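Student: Provided herewith: coords32.tsv, TSV, N, CA and C atoms.
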```tsv
chain	number	residue	atom	x	y	z
K	1	MET	N	35.55	5.02	88.11
K	1	MET	CA	36.25	4.24	87.11
K	1	MET	C	37.65	3.87	87.61
K	2	ALA	N	38.34	4.79	88.25
K	2	ALA	CA	39.70	4.53	88.73
K	2	ALA	C	39.70	3.46	89.81
K	3	ARG	N	38.75	3.53	90.71
K	3	ARG	CA	38.67	2.55	91.80
K	3	ARG	C	38.45	1.15	91.25
K	4	VAL	N	37.54	1.03	90.31
K	4	VAL	CA	37.22	-0.27	89.72
K	4	VAL	C	38.40	-0.80	88.91
K	5	ALA	N	39.10	0.06	88.19
K	5	ALA	CA	40.27	-0.36	87.40
K	5	ALA	C	41.33	-0.99	88.30
K	6	LEU	N	41.42	-0.53	89.52
K	6	LEU	CA	42.38	-1.07	90.48
K	6	LEU	C	41.86	-2.31	91.20
K	7	GLY	N	40.59	-2.61	91.01
K	7	GLY	CA	39.99	-3.75	91.70
K	7	GLY	C	39.70	-3.47	93.16
K	8	LEU	N	39.49	-2.20	93.48
K	8	LEU	CA	39.23	-1.80	94.86
K	8	LEU	C	37.74	-1.65	95.11
K	9	GLY	N	37.30	-2.03	96.28
K	9	GLY	CA	35.94	-1.75	96.71
K	9	GLY	C	35.89	-0.38	97.36
K	10	VAL	N	34.70	0.10	97.63
K	10	VAL	CA	34.53	1.40	98.28
K	10	VAL	C	35.25	1.41	99.62
K	11	ARG	N	35.11	0.33	100.38
K	11	ARG	CA	35.76	0.23	101.69
K	11	ARG	C	37.28	0.31	101.54
K	12	ASP	N	37.82	-0.38	100.54
K	12	ASP	CA	39.27	-0.38	100.31
K	12	ASP	C	39.80	1.03	100.04
K	13	LEU	N	39.12	1.73	99.13
K	13	LEU	CA	39.56	3.08	98.80
K	13	LEU	C	39.41	4.01	99.99
K	14	ALA	N	38.33	3.88	100.72
K	14	ALA	CA	38.13	4.72	101.91
K	14	ALA	C	39.28	4.53	102.90
K	15	THR	N	39.68	3.29	103.09
K	15	THR	CA	40.79	3.01	103.99
K	15	THR	C	42.09	3.63	103.48
K	16	LEU	N	42.37	3.44	102.19
K	16	LEU	CA	43.59	4.01	101.61
K	16	LEU	C	43.64	5.53	101.74
K	17	ALA	N	42.49	6.16	101.54
K	17	ALA	CA	42.42	7.62	101.54
K	17	ALA	C	42.20	8.21	102.94
K	18	GLY	N	41.88	7.36	103.90
K	18	GLY	CA	41.63	7.85	105.25
K	18	GLY	C	40.34	8.64	105.37
K	19	VAL	N	39.32	8.20	104.62
K	19	VAL	CA	38.01	8.85	104.68
K	19	VAL	C	36.95	7.81	104.95
K	20	ALA	N	35.75	8.25	105.21
K	20	ALA	CA	34.63	7.33	105.44
K	20	ALA	C	34.16	6.74	104.12
K	21	GLN	N	33.60	5.54	104.18
K	21	GLN	CA	33.03	4.91	102.98
K	21	GLN	C	31.98	5.81	102.35
K	22	ALA	N	31.20	6.47	103.18
K	22	ALA	CA	30.15	7.37	102.67
K	22	ALA	C	30.75	8.51	101.85
K	23	THR	N	31.95	8.94	102.21
K	23	THR	CA	32.61	10.02	101.46
K	23	THR	C	32.96	9.55	100.05
K	24	VAL	N	33.49	8.34	99.93
K	24	VAL	CA	33.80	7.78	98.61
K	24	VAL	C	32.51	7.65	97.80
K	25	SER	N	31.46	7.17	98.41
K	25	SER	CA	30.18	7.02	97.73
K	25	SER	C	29.64	8.37	97.26
K	26	ARG	N	29.77	9.38	98.10
K	26	ARG	CA	29.31	10.72	97.72
K	26	ARG	C	30.11	11.24	96.53
K	27	LEU	N	31.42	11.02	96.52
K	27	LEU	CA	32.25	11.44	95.39
K	27	LEU	C	31.80	10.75	94.11
K	28	GLU	N	31.55	9.45	94.19
K	28	GLU	CA	31.16	8.69	93.01
K	28	GLU	C	29.77	9.07	92.50
K	29	ARG	N	28.94	9.62	93.37
K	29	ARG	CA	27.62	10.10	92.95
K	29	ARG	C	27.70	11.50	92.37
K	30	GLY	N	28.88	12.12	92.44
K	30	GLY	CA	29.04	13.46	91.90
K	30	GLY	C	28.70	14.57	92.87
K	31	GLU	N	28.55	14.23	94.14
K	31	GLU	CA	28.25	15.25	95.14
K	31	GLU	C	29.50	16.08	95.41
K	32	GLU	N	29.29	17.29	95.85
K	32	GLU	CA	30.41	18.19	96.11
K	32	GLU	C	31.09	17.84	97.43
K	33	LEU	N	32.41	17.77	97.38
K	33	LEU	CA	33.22	17.52	98.57
K	33	LEU	C	34.26	18.63	98.69
K	34	LYS	N	34.86	18.72	99.86
K	34	LYS	CA	35.95	19.69	100.04
K	34	LYS	C	37.07	19.36	99.05
K	35	PRO	N	37.67	20.38	98.44
K	35	PRO	CA	38.77	20.14	97.52
K	35	PRO	C	39.91	19.31	98.14
K	36	SER	N	40.17	19.51	99.42
K	36	SER	CA	41.24	18.74	100.06
K	36	SER	C	40.88	17.26	100.17
K	37	THR	N	39.60	16.95	100.33
K	37	THR	CA	39.15	15.57	100.40
K	37	THR	C	39.31	14.90	99.04
K	38	VAL	N	38.89	15.61	97.99
K	38	VAL	CA	39.02	15.08	96.63
K	38	VAL	C	40.50	14.87	96.30
K	39	ALA	N	41.34	15.82	96.68
K	39	ALA	CA	42.78	15.70	96.42
K	39	ALA	C	43.38	14.49	97.14
K	40	GLY	N	42.93	14.23	98.35
K	40	GLY	CA	43.43	13.08	99.10
K	40	GLY	C	43.03	11.76	98.47
K	41	ILE	N	41.79	11.69	98.00
K	41	ILE	CA	41.33	10.46	97.33
K	41	ILE	C	42.09	10.28	96.02
K	42	ARG	N	42.25	11.36	95.28
K	42	ARG	CA	43.00	11.28	94.01
K	42	ARG	C	44.44	10.82	94.27
K	43	ALA	N	45.09	11.38	95.27
K	43	ALA	CA	46.46	11.00	95.59
K	43	ALA	C	46.55	9.52	95.95
K	44	SER	N	45.56	9.01	96.67
K	44	SER	CA	45.54	7.60	97.03
K	44	SER	C	45.41	6.72	95.79
K	45	LEU	N	44.57	7.12	94.85
K	45	LEU	CA	44.41	6.38	93.61
K	45	LEU	C	45.68	6.42	92.78
K	46	GLU	N	46.32	7.57	92.73
K	46	GLU	CA	47.58	7.69	91.99
K	46	GLU	C	48.67	6.83	92.61
K	47	THR	N	48.75	6.82	93.92
K	47	THR	CA	49.73	5.98	94.61
K	47	THR	C	49.49	4.51	94.32
K	48	ALA	N	48.22	4.14	94.18
K	48	ALA	CA	47.85	2.75	93.91
K	48	ALA	C	48.07	2.35	92.45
K	49	GLY	N	48.36	3.33	91.58
K	49	GLY	CA	48.70	2.98	90.20
K	49	GLY	C	47.84	3.57	89.10
K	50	VAL	N	47.01	4.54	89.40
K	50	VAL	CA	46.16	5.16	88.39
K	50	VAL	C	46.82	6.44	87.89
K	51	GLU	N	46.68	6.69	86.58
K	51	GLU	CA	47.07	7.98	86.00
K	51	GLU	C	45.79	8.65	85.51
K	52	PHE	N	45.61	9.90	85.88
K	52	PHE	CA	44.46	10.65	85.41
K	52	PHE	C	44.85	11.35	84.11
K	53	ILE	N	43.98	11.25	83.11
K	53	ILE	CA	44.22	11.84	81.79
K	53	ILE	C	43.31	13.05	81.66
K	54	GLU	N	43.93	14.18	81.37
K	54	GLU	CA	43.16	15.42	81.23
K	54	GLU	C	42.35	15.39	79.94
K	55	GLU	N	41.39	16.27	79.86
K	55	GLU	CA	40.57	16.44	78.67
K	55	GLU	C	41.47	16.67	77.47
K	56	ASN	N	41.28	15.89	76.43
K	56	ASN	CA	42.12	16.06	75.24
K	56	ASN	C	41.31	15.93	73.96
K	57	GLY	N	40.09	16.36	74.01
K	57	GLY	CA	39.22	16.25	72.86
K	57	GLY	C	38.34	15.01	72.93
K	58	GLY	N	38.79	13.99	73.65
K	58	GLY	CA	38.01	12.77	73.80
K	58	GLY	C	37.43	12.64	75.18
K	59	GLY	N	37.63	13.64	76.01
K	59	GLY	CA	37.13	13.59	77.38
K	59	GLY	C	38.20	13.15	78.36
K	60	ALA	N	38.03	13.54	79.58
K	60	ALA	CA	38.96	13.16	80.65
K	60	ALA	C	38.79	11.67	80.94
K	61	GLY	N	39.82	11.06	81.52
K	61	GLY	CA	39.73	9.64	81.82
K	61	GLY	C	40.83	9.19	82.75
K	62	VAL	N	40.96	7.88	82.90
K	62	VAL	CA	42.00	7.28	83.73
K	62	VAL	C	42.59	6.09	83.01
K	63	ARG	N	43.79	5.73	83.40
K	63	ARG	CA	44.42	4.50	82.93
K	63	ARG	C	45.32	4.00	84.03
K	64	LEU	N	45.66	2.73	83.95
K	64	LEU	CA	46.59	2.18	84.92
K	64	LEU	C	48.01	2.49	84.50
K	65	ARG	N	48.82	2.89	85.45
K	65	ARG	CA	50.23	3.18	85.17
K	65	ARG	C	50.92	1.88	84.75
K	66	GLU	N	51.79	1.98	83.81
K	66	GLU	CA	52.54	0.81	83.34
K	66	GLU	C	53.44	0.31	84.44
K	67	ARG	N	53.38	-0.97	84.70
K	67	ARG	CA	54.25	-1.57	85.72
K	67	ARG	C	55.59	-1.90	85.09
K	68	ARG	N	56.64	-1.64	85.83
K	68	ARG	CA	57.98	-1.91	85.33
K	68	ARG	C	58.67	-2.92	86.22
K	69	ASN	N	58.97	-4.09	85.70
K	69	ASN	CA	59.72	-5.12	86.41
K	69	ASN	C	59.25	-5.32	87.85
K	70	GLY	N	57.98	-5.61	88.01
K	70	GLY	CA	57.44	-5.93	89.32
K	70	GLY	C	57.17	-4.73	90.21
K	71	THR	N	57.23	-3.53	89.66
K	71	THR	CA	56.94	-2.35	90.48
K	71	THR	C	55.57	-1.84	90.23
```
Hey, can you dump this file as structure tokens for me?

Tutor:
Amino acid sequence: MARVALGLGVRDLATLAGVAQATVSRLERGEELKPSTVAGIRASLETAGVEFIEENGGGAGVRLRERRNGT
């Protein structure tokens, strides 16, 4: 969901995170990855503008960070 919200393809996210496209695909299929790999992909998404929302009764989710004056 986060990747699509940013308009990124699998290849784009893989490049940003420094992982193989297959790794991104495995993550999206729910396969288990090393915690450090997941953290790196998450950090790349956050840098690109995604905020992860923790479980709050409605389920975990993502949203785009509010842009401020062209940032």

Student: Rounded to one decimal place, report the atom N of Thr15 (chain K)-CA of Ala48 (chain K) distance in Å.

Tutor: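 These atoms are spaced 12.3 Å apart.
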
Student: For a test of reading the model, state the distance in Å between atom C of Glu55 (chain K) and atom C of Gly18 (chain K), rounded to one decimal.

Tutor: 29.1 Å

Student: Would you please give, as a count of residues only, all residues of chain K that DSSP assigns to helix (DSSP H, G or I) based on the backbone?

Tutor: 34

Student: Just the number, please: distance in Å from CA of Gly9 (chain K) to atom N of Gly40 (chain K), one decimal.

Tutor: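 Taking CA of Gly9 (chain K) and atom N of Gly40 (chain K), their separation equals 17.5 Å.
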
Student: Which residue gives the smallest distance to Arg11 (chain K) among K:Lys34, K:Ser44, K:Ile53, K:Val24, with only N, CA and C atoms counted?

Tutor: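 The shortest atom-to-atom distance to Arg11 (chain K) comes from K:Val24.
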
Student: List every residue of chain K that DSSP, applied to the backbone of this structure, assigns to strand (DSSP E or B), and report them as a list in words.

Tutor: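 The strand (DSSP E or B) subset of chain K is Val50, Glu51, Phe52, Ile53, Gly61, Val62, Arg63 and Leu64 of chain K.
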
Student: Output N, CA and C atoms for every residue in that selection, as a CSV table (one decimal), keeping the file's coordinate frame.

Tutor:
```
chain,number,residue,atom,x,y,z
K,50,VAL,N,47.0,4.5,89.4
K,50,VAL,CA,46.2,5.2,88.4
K,50,VAL,C,46.8,6.4,87.9
K,51,GLU,N,46.7,6.7,86.6
K,51,GLU,CA,47.1,8.0,86.0
K,51,GLU,C,45.8,8.6,85.5
K,52,PHE,N,45.6,9.9,85.9
K,52,PHE,CA,44.5,10.6,85.4
K,52,PHE,C,44.8,11.4,84.1
K,53,ILE,N,44.0,11.2,83.1
K,53,ILE,CA,44.2,11.8,81.8
K,53,ILE,C,43.3,13.0,81.7
K,61,GLY,N,39.8,11.1,81.5
K,61,GLY,CA,39.7,9.6,81.8
K,61,GLY,C,40.8,9.2,82.8
K,62,VAL,N,41.0,7.9,82.9
K,62,VAL,CA,42.0,7.3,83.7
K,62,VAL,C,42.6,6.1,83.0
K,63,ARG,N,43.8,5.7,83.4
K,63,ARG,CA,44.4,4.5,82.9
K,63,ARG,C,45.3,4.0,84.0
K,64,LEU,N,45.7,2.7,84.0
K,64,LEU,CA,46.6,2.2,84.9
K,64,LEU,C,48.0,2.5,84.5
```

Student: Hey, could you pull the box centre and edge lengths for region 6-16 of chain K, axis-aligned, 6 Å padding per side, all listed atoms, to one decimal in Å, as AutoDock Vina command-line options?

Tutor:
```
--center_x 39.1 --center_y 0.9 --center_z 96.8 --size_x 21.1 --size_y 21.3 --size_z 26.5
```

Student: Between K:Ser25, K:Ala17, K:Leu8, K:Glu66, which one has atoms that come closest to Ile41 (chain K), using only N, CA and C atoms?

Tutor: K:Ala17

Student: Give me, as an MDAnalysis selection string, all polymer residues having an atom no more than 10 Å from Val50 (chain K), counting only C-alpha atoms and skipping those fewer than 3 positions away in the same chain.

Tutor: chainID K and resid 2:3 5:6 42:47 53 62:66
